[in-house]
Amino acid sequence: MRNHWLETGVGFFIIVALCGLLFLAFKVSGLTQLGDGHNYILKADFDNIGGLKVRAPVSVSGVKVGRVINIQLDPQSYRAAVTLQISDHYKDLPVDTSASILTQGLLGSNYISLSPGYEQKMLKPDGRIETTHSALILENLIGQLMFNLSNNNKKEAKIK
């Protein structure tokens with residue numbers, strides 16, 4: 001009988017531990033809702049989103065205020081149409097807010113940083129952020145550097 005209670009206690013402990021691990025996994029992965037579930041949608045168009053993914057964070061001054069919920073190609077302009085889900089706690093973003101795609105660290109994942117402007121008029125739900133700055137692609141920068149270096153070498157060879 002004593003062995004039965006021990007086995008039941010261990011089983012209960014394992015179930016609680018697995019539930020705790022599952023909860024932490026959802027919390028860390030970002031699959032749970034942002035904040036209290038009250039959110040609004042903003043849209044922004046970018047020329048190049050780099051490695052931006054759905055569920056990437058959206059921040060203002062380093063504070064997470066939302067996440068990316070959808071990325072599509074606009075068939076008319078051939079620009080990336082990004083849909084942002086922003087927490088209602090941060091609903092007072094001016095209409096001249098700009099959005100930039102930045103990288104966490106040198107080779108980290110991409111995220112969107114919002115820079116609020118100074119207008120008195122605020123963005124409405126389903127509003128559009130007009131000023132956007134595309135991602136810097138490291139491969140393109142290295143390619144430009146190599147091209148410039150080769151052109152400088154050719155010019156120096158002509159001078160000699």
# chains A, B, ... in the order shown; residues from 1 in each chain; ligands from 1
>>> residues_around(residues="A:Lys91", least_positions_apart="4", cutoff="12 Å", atoms="only C-alpha atoms", output="list in words")
His38, Asn39, Tyr40, Ile41, Leu42, Val60, Val65, Gly66, Gln85, Ile86, Ser87, Val95, Thr97, Pro116, Lys121, Met122, Leu123, Lys124, Pro125, Asp126 and Gly127 of chain A
>>> select_by_dssp(residues="stretch 2-140 of chain A", states="strand (DSSP E)", output="PyMOL selection string")
chain A and resi 39-46+57-60+63-73+80-87+98-103+110-115+127-129+131-133
>>> atom_distance(atom1="atom CA of A:Leu114", atom2="atom CA of A:Ser61")
7.7 Å
>>> closest_residue(among="A:Ser59, A:Asn110, A:Thr103, A:Ser98", to="A:Glu130", atoms="only C-alpha atoms")
A:Ser98
>>> closest_residue(among="A:Leu21, A:Leu84, A:Gly9, A:Asn148", to="A:Pro57", atoms="only C-alpha atoms")
A:Leu84
>>> closest_residue(among="A:Gly50, A:Glu7, A:Asn70, A:Lys43", to="A:Asn140", atoms="only C-alpha atoms")
A:Gly50
>>> residues_around(residues="A:Gln120", least_positions_apart="4", cutoff="10 Å", atoms="only C-alpha atoms", output="list of chain:residue names")
A:Asp92, A:Leu93, A:Pro94, A:Val95, A:Asp96
>>> write_last_selection(atoms="N, CA and C atoms", output="PDB file, in the first residue's frame")
ATOM      1  N   ASP A  92      -0.961  54.524 -29.275  1.00  0.00           N
ATOM      2  CA  ASP A  92      -0.775  55.935 -29.589  1.00  0.00           C
ATOM      3  C   ASP A  92       0.498  56.175 -30.391  1.00  0.00           C
ATOM      4  N   LEU A  93       0.596  55.507 -31.538  1.00  0.00           N
ATOM      5  CA  LEU A  93       1.724  55.721 -32.445  1.00  0.00           C
ATOM      6  C   LEU A  93       1.336  56.795 -33.454  1.00  0.00           C
ATOM      7  N   PRO A  94       2.165  57.842 -33.607  1.00  0.00           N
ATOM      8  CA  PRO A  94       1.837  58.905 -34.565  1.00  0.00           C
ATOM      9  C   PRO A  94       1.821  58.406 -36.003  1.00  0.00           C
ATOM     10  N   VAL A  95       1.135  59.128 -36.881  1.00  0.00           N
ATOM     11  CA  VAL A  95       1.016  58.714 -38.279  1.00  0.00           C
ATOM     12  C   VAL A  95       2.350  58.788 -39.012  1.00  0.00           C
ATOM     13  N   ASP A  96       3.311  59.569 -38.510  1.00  0.00           N
ATOM     14  CA  ASP A  96       4.616  59.651 -39.172  1.00  0.00           C
ATOM     15  C   ASP A  96       5.638  58.683 -38.565  1.00  0.00           C
TER      16      ASP A  96
END
